[in-house]
Amino acid sequence: MGPDLDTLATALYVRIDDLLAQNPGWAPRRPVVGFAPKLSDAELVTLAVISALLGYDNESQFVRYARAHLGPWFPYLPNRDGYNKRLRRSAEMIARVMGWLARECESWHDDVWLVDSTPVECGTSRETQKRSDLAGWAQYGYCASHSRWFWGLRLHLVATPAGLPIAFALAGAKADERDVCADMIDAAGIARPGQTLIADNRYRSAAFEADLNDVGITVLRPATRSEAPRPGARFLRPLRQIIESINQTLKGQLSLERHKGRTKAGVAARIGARLLALTAAIWHNETYHRTRPSRSLTAYDH
């Protein structure tokens with residue numbers, strides 16, 4: 001690993017180890033009687049973040065890389081099957097660690113949020129759709145950005161302008177963005193008075209805006225042709241470009257579209273690991289490298 005990724009991984013491992021010691025209920029359930037795992041949960045999550053930052057979308061290749069280069073940091077490394085099994089059971093733990101790290105970032109307190117959804121394709125053939133464990137959760141949907149249909153999920157993301165994930169959800173491709181957004185904010189318990197949410201016209205709904213206004217969140221979106229000009233229109237274009245660039249960071253540098261998950265638990269864990277990698281990089285940059293752009297991953301993925 002490079003020196004910057006080395007320092008991030010070390011700081012991240014120490015913080016995760018402390019968090020899991022303070023919150024033992026975050027760890028996956030294990031039988032009372034049995035062998036204790038040789039690879040700790042903190043080491044597992046740290047490995048998942050390293051894998052995402054280095055752009056690995058193949059677990060066999062990453063395990064070979066880890067055995068060749070990460071031995072001094074990780075005394076025990078499981079084989080591919082063992083790593084995969086542990087990772088699949090860790091989606092909830094990864095999400096909880098991500099939420100806590102996000103709260104330790106300066107940009108968590110930003111009073112502007114951006115919301116958007118992006119396709120997460122899960123299969124390309126009719127046979128996959130019929131036989132996949134994801135059937136029923138994954139759906140056919142339309143991607144307007146690429147003018148094509150896809151079968152899979154949508155990643156719904158609420159983030160700050162610095163790129164910090166505030167809340168996320170994986171839902172079927174046909175799920176209503178407004179319902180998912182409202183559910184995310186409610187489930188995460190992040191609503192606070194004076195917050196502004198930047199959205200596009202897919203989130204246009206009087207009921208949706210009224211519900212968020214009730215908890216102190218103002219929705220800022222473009223006006224339709226039949227509407228009078230809405231306040232804050234001049235901020236929409238640059239801020240909408242930011243959420244698109246966040247999605248591109250996830251897809252380009254963190255291989256979001258190449259997750260290769262085949263089960264619900266596998267998809268959730270792999271997507272969660274990529275979001276945690278982005279959160280960890282921002283957490284590390286804002287804590288130890290204040291002169292560096294918060295969302296910069298260049299020091300870690302090269």
# chains A, B, ... in the order shown; residues from 1 in each chain; ligands from 1

$ closest_atom_pairs --of "segment 142-200 of chain A" --to "segment 271-286 of chain A" --cutoff "9 Å" --atoms "only C-alpha atoms" --output "tab-separated table"
residue	atom	partner	partner_atom	distance
A:Leu155	CA	A:Ile271	CA	8.7
A:Ala162	CA	A:Ile282	CA	8.2
A:Gly163	CA	A:Ile282	CA	7.9
A:Leu164	CA	A:Thr279	CA	5.9
A:Pro165	CA	A:Thr279	CA	6.6
A:Phe168	CA	A:Leu275	CA	8.8
A:Leu170	CA	A:Ile271	CA	8.8

$ select_by_dssp --residues "segment 32-115 of chain A" --states "strand (DSSP E or B)" --output "list in words"
Val112, Trp113, Leu114 and Val115 of chain A

$ write_last_selection --atoms "all heavy atoms" --output "compact mmCIF listing (two decimals), in the first residue's frame"
# COMPACT_ATOMS: atom_id res chain seq x y z
N VAL A 112 -26.85 22.13 3.88
CA VAL A 112 -27.36 21.80 2.55
C VAL A 112 -27.10 20.33 2.27
O VAL A 112 -25.99 19.84 2.48
CB VAL A 112 -26.69 22.66 1.45
CG1 VAL A 112 -27.14 22.21 0.06
CG2 VAL A 112 -27.01 24.14 1.66
N TRP A 113 -28.14 19.64 1.82
CA TRP A 113 -28.03 18.24 1.41
C TRP A 113 -28.42 18.11 -0.06
O TRP A 113 -29.22 18.90 -0.58
CB TRP A 113 -28.95 17.34 2.23
CG TRP A 113 -28.54 17.13 3.64
CD1 TRP A 113 -27.32 17.33 4.20
CD2 TRP A 113 -29.41 16.70 4.71
NE1 TRP A 113 -27.35 17.03 5.53
CE2 TRP A 113 -28.61 16.64 5.88
CE3 TRP A 113 -30.75 16.34 4.78
CZ2 TRP A 113 -29.12 16.25 7.11
CZ3 TRP A 113 -31.27 15.94 6.00
CH2 TRP A 113 -30.46 15.90 7.15
N LEU A 114 -27.87 17.10 -0.71
CA LEU A 114 -28.20 16.78 -2.09
C LEU A 114 -28.78 15.37 -2.12
O LEU A 114 -28.29 14.49 -1.42
CB LEU A 114 -26.95 16.83 -2.97
CG LEU A 114 -26.03 18.05 -2.79
CD1 LEU A 114 -24.75 17.86 -3.59
CD2 LEU A 114 -26.74 19.32 -3.22
N VAL A 115 -29.82 15.15 -2.90
CA VAL A 115 -30.41 13.82 -2.99
C VAL A 115 -30.53 13.41 -4.45
O VAL A 115 -30.83 14.23 -5.32
CB VAL A 115 -31.81 13.78 -2.30
CG1 VAL A 115 -32.80 14.70 -2.98
CG2 VAL A 115 -32.34 12.36 -2.25

$ residues_around --residues "Val219 of chain A" --least-positions-apart "4" --cutoff "8 Å" --atoms "only C-alpha atoms" --output "PyMOL selection string"
chain A and resi 196-199+209+212-213

$ write_last_selection --atoms "all heavy atoms" --output "short mmCIF file (atom, residue, chain, number, x, y, z; two decimals), in the first residue's frame"
data_model
loop_
_atom_site.label_atom_id
_atom_site.label_comp_id
_atom_site.auth_asym_id
_atom_site.auth_seq_id
_atom_site.Cartn_x
_atom_site.Cartn_y
_atom_site.Cartn_z
N THR A 196 -31.68 22.39 4.08
CA THR A 196 -32.14 22.53 2.71
C THR A 196 -31.78 21.29 1.93
O THR A 196 -30.63 20.83 1.98
CB THR A 196 -31.52 23.77 2.03
OG1 THR A 196 -31.89 24.95 2.76
CG2 THR A 196 -32.00 23.91 0.60
N LEU A 197 -32.74 20.74 1.19
CA LEU A 197 -32.53 19.53 0.39
C LEU A 197 -32.64 19.89 -1.08
O LEU A 197 -33.70 20.34 -1.54
CB LEU A 197 -33.56 18.47 0.76
CG LEU A 197 -33.46 17.13 0.03
CD1 LEU A 197 -32.20 16.38 0.48
CD2 LEU A 197 -34.70 16.27 0.28
N ILE A 198 -31.55 19.71 -1.82
CA ILE A 198 -31.53 20.00 -3.26
C ILE A 198 -31.92 18.74 -4.01
O ILE A 198 -31.33 17.68 -3.84
CB ILE A 198 -30.13 20.45 -3.72
CG1 ILE A 198 -29.63 21.61 -2.84
CG2 ILE A 198 -30.15 20.84 -5.18
CD1 ILE A 198 -30.37 22.89 -3.01
N ALA A 199 -32.93 18.86 -4.88
CA ALA A 199 -33.44 17.69 -5.61
C ALA A 199 -33.77 18.10 -7.04
O ALA A 199 -33.79 19.29 -7.38
CB ALA A 199 -34.68 17.12 -4.91
N GLU A 209 -43.00 17.58 -0.11
CA GLU A 209 -42.43 18.83 0.40
C GLU A 209 -43.07 19.22 1.72
O GLU A 209 -42.39 19.71 2.63
CB GLU A 209 -42.60 19.93 -0.64
CG GLU A 209 -41.78 19.69 -1.92
CD GLU A 209 -41.88 20.85 -2.90
OE1 GLU A 209 -42.03 21.99 -2.45
OE2 GLU A 209 -41.80 20.60 -4.11
N LEU A 212 -41.59 17.09 4.58
CA LEU A 212 -40.26 17.51 4.98
C LEU A 212 -40.28 18.87 5.66
O LEU A 212 -39.50 19.13 6.59
CB LEU A 212 -39.32 17.53 3.77
CG LEU A 212 -38.98 16.17 3.17
CD1 LEU A 212 -37.89 16.31 2.12
CD2 LEU A 212 -38.55 15.16 4.22
N ASN A 213 -41.17 19.75 5.20
CA ASN A 213 -41.29 21.05 5.86
C ASN A 213 -41.70 20.90 7.32
O ASN A 213 -41.27 21.68 8.18
CB ASN A 213 -42.31 21.94 5.13
CG ASN A 213 -41.75 22.51 3.84
OD1 ASN A 213 -40.54 22.63 3.68
ND2 ASN A 213 -42.63 22.86 2.92
#

$ select_by_dssp --residues "segment 64-132 of chain A" --states "alpha helix (DSSP H)" --output "short mmCIF file (atom, residue, chain, number, x, y, z; two decimals) with N, CA and C atoms, in the first residue's frame"
data_model
loop_
_atom_site.label_atom_id
_atom_site.label_comp_id
_atom_site.auth_asym_id
_atom_site.auth_seq_id
_atom_site.Cartn_x
_atom_site.Cartn_y
_atom_site.Cartn_z
N ARG A 64 -5.62 -12.58 -2.98
CA ARG A 64 -4.23 -12.85 -3.40
C ARG A 64 -3.36 -11.61 -3.17
N TYR A 65 -3.88 -10.43 -3.49
CA TYR A 65 -3.13 -9.20 -3.24
C TYR A 65 -2.86 -9.02 -1.76
N ALA A 66 -3.90 -9.26 -0.93
CA ALA A 66 -3.74 -9.09 0.51
C ALA A 66 -2.68 -10.04 1.06
N ARG A 67 -2.69 -11.30 0.60
CA ARG A 67 -1.70 -12.26 1.08
C ARG A 67 -0.29 -11.85 0.68
N ALA A 68 -0.16 -11.21 -0.47
CA ALA A 68 1.17 -10.82 -0.95
C ALA A 68 1.67 -9.52 -0.33
N HIS A 69 0.74 -8.60 0.00
CA HIS A 69 1.18 -7.26 0.40
C HIS A 69 0.71 -6.80 1.78
N ARG A 80 -10.71 -17.01 0.00
CA ARG A 80 -11.77 -16.23 -0.67
C ARG A 80 -13.15 -16.57 -0.12
N ASP A 81 -13.45 -17.85 0.08
CA ASP A 81 -14.76 -18.25 0.57
C ASP A 81 -15.01 -17.73 1.98
N GLY A 82 -14.00 -17.82 2.83
CA GLY A 82 -14.16 -17.34 4.19
C GLY A 82 -14.37 -15.84 4.25
N TYR A 83 -13.60 -15.10 3.42
CA TYR A 83 -13.75 -13.65 3.37
C TYR A 83 -15.14 -13.27 2.85
N ASN A 84 -15.59 -13.96 1.81
CA ASN A 84 -16.90 -13.68 1.22
C ASN A 84 -18.02 -13.94 2.22
N LYS A 85 -17.93 -15.06 2.94
CA LYS A 85 -18.96 -15.41 3.90
C LYS A 85 -19.04 -14.39 5.03
N ARG A 86 -17.88 -13.97 5.54
CA ARG A 86 -17.88 -12.99 6.61
C ARG A 86 -18.41 -11.64 6.11
N LEU A 87 -18.04 -11.25 4.90
CA LEU A 87 -18.46 -9.96 4.37
C LEU A 87 -19.97 -9.91 4.17
N ARG A 88 -20.54 -11.01 3.67
CA ARG A 88 -21.99 -11.04 3.40
C ARG A 88 -22.79 -10.83 4.68
N ALA A 91 -23.20 -6.50 6.44
CA ALA A 91 -23.78 -5.31 5.81
C ALA A 91 -24.28 -4.32 6.85
N GLU A 92 -24.99 -4.81 7.86
CA GLU A 92 -25.53 -3.91 8.89
C GLU A 92 -24.41 -3.26 9.70
N MET A 93 -23.39 -4.04 10.03
CA MET A 93 -22.26 -3.49 10.78
C MET A 93 -21.56 -2.40 9.97
N ILE A 94 -21.38 -2.64 8.68
CA ILE A 94 -20.74 -1.64 7.82
C ILE A 94 -21.55 -0.36 7.80
N ALA A 95 -22.88 -0.48 7.68
CA ALA A 95 -23.74 0.70 7.63
C ALA A 95 -23.66 1.49 8.94
N ARG A 96 -23.61 0.79 10.08
CA ARG A 96 -23.54 1.48 11.37
C ARG A 96 -22.20 2.20 11.54
N VAL A 97 -21.11 1.55 11.13
CA VAL A 97 -19.80 2.20 11.21
C VAL A 97 -19.77 3.43 10.32
N MET A 98 -20.34 3.32 9.12
CA MET A 98 -20.36 4.44 8.19
C MET A 98 -21.12 5.62 8.78
N GLY A 99 -22.28 5.34 9.38
CA GLY A 99 -23.07 6.40 9.97
C GLY A 99 -22.34 7.12 11.09
N TRP A 100 -21.60 6.36 11.90
CA TRP A 100 -20.87 6.98 13.00
C TRP A 100 -19.70 7.81 12.49
N LEU A 101 -18.95 7.27 11.53
CA LEU A 101 -17.83 8.04 10.97
C LEU A 101 -18.32 9.33 10.33
N ALA A 102 -19.45 9.26 9.63
CA ALA A 102 -19.99 10.46 8.99
C ALA A 102 -20.27 11.54 10.01
N ARG A 103 -20.78 11.15 11.18
CA ARG A 103 -21.09 12.12 12.21
C ARG A 103 -19.85 12.77 12.81
N ARG A 126 -32.18 -12.42 -19.39
CA ARG A 126 -33.48 -12.84 -18.91
C ARG A 126 -33.36 -14.03 -17.96
N GLU A 127 -32.44 -14.95 -18.23
CA GLU A 127 -32.24 -16.10 -17.37
C GLU A 127 -31.77 -15.68 -15.98
N THR A 128 -30.88 -14.68 -15.93
CA THR A 128 -30.43 -14.18 -14.64
C THR A 128 -31.60 -13.62 -13.85
N GLN A 129 -32.45 -12.88 -14.53
CA GLN A 129 -33.60 -12.26 -13.86
C GLN A 129 -34.54 -13.32 -13.28
N LYS A 130 -34.69 -14.44 -13.97
CA LYS A 130 -35.62 -15.46 -13.52
C LYS A 130 -35.05 -16.30 -12.38
N ARG A 131 -33.74 -16.54 -12.39
CA ARG A 131 -33.14 -17.46 -11.42
C ARG A 131 -32.45 -16.76 -10.25
#

$ closest_residue --among "A:Ala299, A:Ile166, A:Val215, A:Leu47" --to "Asp110 of chain A" --atoms "only C-alpha atoms"
A:Ile166

$ closest_residue --among "A:Ala52, A:Leu256, A:Leu297, A:Ala159" --to "Ile242 of chain A" --atoms "only C-alpha atoms"
A:Ala159

$ residues_around --residues "Arg234 of chain A" --least-positions-apart "5" --cutoff "12 Å" --atoms "only C-alpha atoms" --output "PyMOL selection string"
chain A and resi 198+220-223+229+239-240

$ residues_around --residues "Lys251 of chain A" --least-positions-apart "3" --cutoff "12 Å" --atoms "only C-alpha atoms" --output "list in words"
Ala52, Leu53, Gly55, Asp57, Thr118, Pro119, Val120, Glu121, Leu155, Glu244, Ser245, Ile246, Asn247, Gln248, Leu254, Ser255, Leu256, Glu257, Arg258, His259, Ile271, Arg274, Leu275 and Leu278 of chain A

$ closest_residue --among "A:Ala167, A:Lys174, A:Ser294, A:Glu43" --to "Glu106 of chain A" --atoms "only C-alpha atoms"
A:Ser294

$ atom_distance --atom1 "atom CA of Ala173 of chain A" --atom2 "atom CA of Asp186 of chain A"
20.9 Å

$ residues_around --residues "segment 20-28 of chain A" --least-positions-apart "3" --cutoff "7 Å" --atoms "only C-alpha atoms" --output "list in words"
Ile16, Asp17, Arg89, Ser90 and Met93 of chain A

$ atom_distance --atom1 "atom CA of Asp301 of chain A" --atom2 "atom CA of Leu54 of chain A"
4.9 Å

$ atom_distance --atom1 "atom CA of Thr160 of chain A" --atom2 "atom CA of Pro293 of chain A"
13.5 Å

$ closest_residue --among "A:His156, A:Ala207, A:Pro37, A:Lys264" --to "Ala135 of chain A" --atoms "only C-alpha atoms"
A:Lys264

$ decode --residues "segment 171-219 of chain A" --atoms "N, CA and C atoms" --output "compact mmCIF listing (two decimals), in the first residue's frame"
# COMPACT_ATOMS: atom_id res chain seq x y z
N ALA A 171 -33.08 0.23 -3.29
CA ALA A 171 -34.49 -0.09 -3.53
C ALA A 171 -34.65 -0.55 -4.97
N GLY A 172 -35.77 -1.20 -5.23
CA GLY A 172 -36.07 -1.63 -6.59
C GLY A 172 -36.05 -0.48 -7.57
N ALA A 173 -35.77 -0.79 -8.83
CA ALA A 173 -35.61 0.25 -9.84
C ALA A 173 -36.87 1.07 -10.05
N LYS A 174 -38.03 0.53 -9.69
CA LYS A 174 -39.29 1.24 -9.90
C LYS A 174 -39.79 1.96 -8.64
N ALA A 175 -39.05 1.88 -7.57
CA ALA A 175 -39.49 2.52 -6.33
C ALA A 175 -39.57 4.03 -6.49
N ASP A 176 -40.55 4.65 -5.87
CA ASP A 176 -40.74 6.09 -5.95
C ASP A 176 -39.65 6.80 -5.15
N GLU A 177 -38.89 7.67 -5.82
CA GLU A 177 -37.79 8.36 -5.17
C GLU A 177 -38.24 9.16 -3.95
N ARG A 178 -39.42 9.76 -4.03
CA ARG A 178 -39.90 10.59 -2.92
C ARG A 178 -40.17 9.75 -1.68
N ASP A 179 -40.79 8.60 -1.87
CA ASP A 179 -41.06 7.73 -0.73
C ASP A 179 -39.77 7.22 -0.10
N VAL A 180 -38.82 6.83 -0.95
CA VAL A 180 -37.55 6.30 -0.43
C VAL A 180 -36.80 7.40 0.32
N CYS A 181 -36.78 8.60 -0.22
CA CYS A 181 -36.07 9.71 0.43
C CYS A 181 -36.67 10.01 1.79
N ALA A 182 -37.99 10.10 1.86
CA ALA A 182 -38.66 10.38 3.13
C ALA A 182 -38.37 9.27 4.14
N ASP A 183 -38.40 8.02 3.68
CA ASP A 183 -38.13 6.89 4.58
C ASP A 183 -36.68 6.91 5.07
N MET A 184 -35.73 7.26 4.18
CA MET A 184 -34.33 7.32 4.59
C MET A 184 -34.12 8.34 5.70
N ILE A 185 -34.66 9.53 5.51
CA ILE A 185 -34.48 10.60 6.49
C ILE A 185 -35.13 10.22 7.81
N ASP A 186 -36.30 9.61 7.74
CA ASP A 186 -36.99 9.21 8.96
C ASP A 186 -36.26 8.09 9.68
N ALA A 187 -35.83 7.06 8.93
CA ALA A 187 -35.16 5.91 9.55
C ALA A 187 -33.83 6.30 10.18
N ALA A 188 -33.09 7.21 9.52
CA ALA A 188 -31.79 7.61 10.04
C ALA A 188 -31.90 8.63 11.17
N GLY A 189 -33.08 9.24 11.32
CA GLY A 189 -33.26 10.22 12.38
C GLY A 189 -32.38 11.44 12.22
N ILE A 190 -32.24 11.92 10.97
CA ILE A 190 -31.29 13.01 10.70
C ILE A 190 -31.97 14.34 10.43
N ALA A 191 -33.30 14.39 10.45
CA ALA A 191 -34.00 15.64 10.16
C ALA A 191 -33.65 16.69 11.22
N ARG A 192 -33.39 17.91 10.75
CA ARG A 192 -33.10 19.01 11.68
C ARG A 192 -33.58 20.32 11.08
N PRO A 193 -34.08 21.23 11.90
CA PRO A 193 -34.61 22.50 11.39
C PRO A 193 -33.54 23.30 10.66
N GLY A 194 -33.95 23.99 9.60
CA GLY A 194 -33.04 24.84 8.84
C GLY A 194 -32.29 24.13 7.74
N GLN A 195 -32.57 22.85 7.53
CA GLN A 195 -31.87 22.09 6.49
C GLN A 195 -32.51 22.34 5.12
N THR A 196 -31.68 22.39 4.08
CA THR A 196 -32.14 22.53 2.71
C THR A 196 -31.78 21.29 1.93
N LEU A 197 -32.74 20.74 1.19
CA LEU A 197 -32.53 19.53 0.39
C LEU A 197 -32.64 19.89 -1.08
N ILE A 198 -31.55 19.71 -1.82
CA ILE A 198 -31.53 20.00 -3.26
C ILE A 198 -31.92 18.74 -4.01
N ALA A 199 -32.93 18.86 -4.88
CA ALA A 199 -33.44 17.69 -5.61
C ALA A 199 -33.77 18.10 -7.04
N ASP A 200 -34.06 17.11 -7.88
CA ASP A 200 -34.51 17.41 -9.22
C ASP A 200 -36.02 17.20 -9.30
N ASN A 201 -36.57 17.29 -10.51
CA ASN A 201 -38.03 17.25 -10.66
C ASN A 201 -38.64 15.88 -10.39
N ARG A 202 -37.82 14.83 -10.28
CA ARG A 202 -38.38 13.53 -9.92
C ARG A 202 -38.91 13.53 -8.49
N TYR A 203 -38.49 14.51 -7.70
CA TYR A 203 -38.94 14.61 -6.32
C TYR A 203 -40.06 15.64 -6.17
N ARG A 204 -40.66 16.03 -7.26
CA ARG A 204 -41.75 17.02 -7.21
C ARG A 204 -43.01 16.39 -6.65
N SER A 205 -43.47 16.90 -5.53
CA SER A 205 -44.70 16.43 -4.90
C SER A 205 -45.04 17.38 -3.75
N ALA A 206 -46.25 17.89 -3.76
CA ALA A 206 -46.67 18.79 -2.69
C ALA A 206 -46.67 18.07 -1.35
N ALA A 207 -47.11 16.81 -1.35
CA ALA A 207 -47.16 16.05 -0.09
C ALA A 207 -45.75 15.79 0.43
N PHE A 208 -44.82 15.44 -0.47
CA PHE A 208 -43.43 15.19 -0.08
C PHE A 208 -42.82 16.44 0.53
N GLU A 209 -43.00 17.58 -0.11
CA GLU A 209 -42.43 18.83 0.40
C GLU A 209 -43.07 19.22 1.72
N ALA A 210 -44.37 19.00 1.85
CA ALA A 210 -45.05 19.34 3.10
C ALA A 210 -44.55 18.48 4.26
N ASP A 211 -44.35 17.18 3.99
CA ASP A 211 -43.85 16.29 5.04
C ASP A 211 -42.46 16.70 5.52
N LEU A 212 -41.59 17.09 4.58
CA LEU A 212 -40.26 17.51 4.98
C LEU A 212 -40.28 18.87 5.66
N ASN A 213 -41.17 19.75 5.20
CA ASN A 213 -41.29 21.05 5.86
C ASN A 213 -41.70 20.90 7.32
N ASP A 214 -42.49 19.87 7.60
CA ASP A 214 -42.95 19.64 8.97
C ASP A 214 -41.80 19.31 9.92
N VAL A 215 -40.71 18.76 9.38
CA VAL A 215 -39.56 18.43 10.23
C VAL A 215 -38.41 19.43 10.03
N GLY A 216 -38.71 20.55 9.36
CA GLY A 216 -37.73 21.62 9.24
C GLY A 216 -36.86 21.60 8.01
N ILE A 217 -37.17 20.75 7.03
CA ILE A 217 -36.36 20.64 5.82
C ILE A 217 -37.06 21.32 4.65
N THR A 218 -36.36 22.21 3.98
CA THR A 218 -36.89 22.91 2.82
C THR A 218 -36.38 22.24 1.55
N VAL A 219 -37.29 21.89 0.65
CA VAL A 219 -36.91 21.25 -0.62
C VAL A 219 -36.70 22.32 -1.67
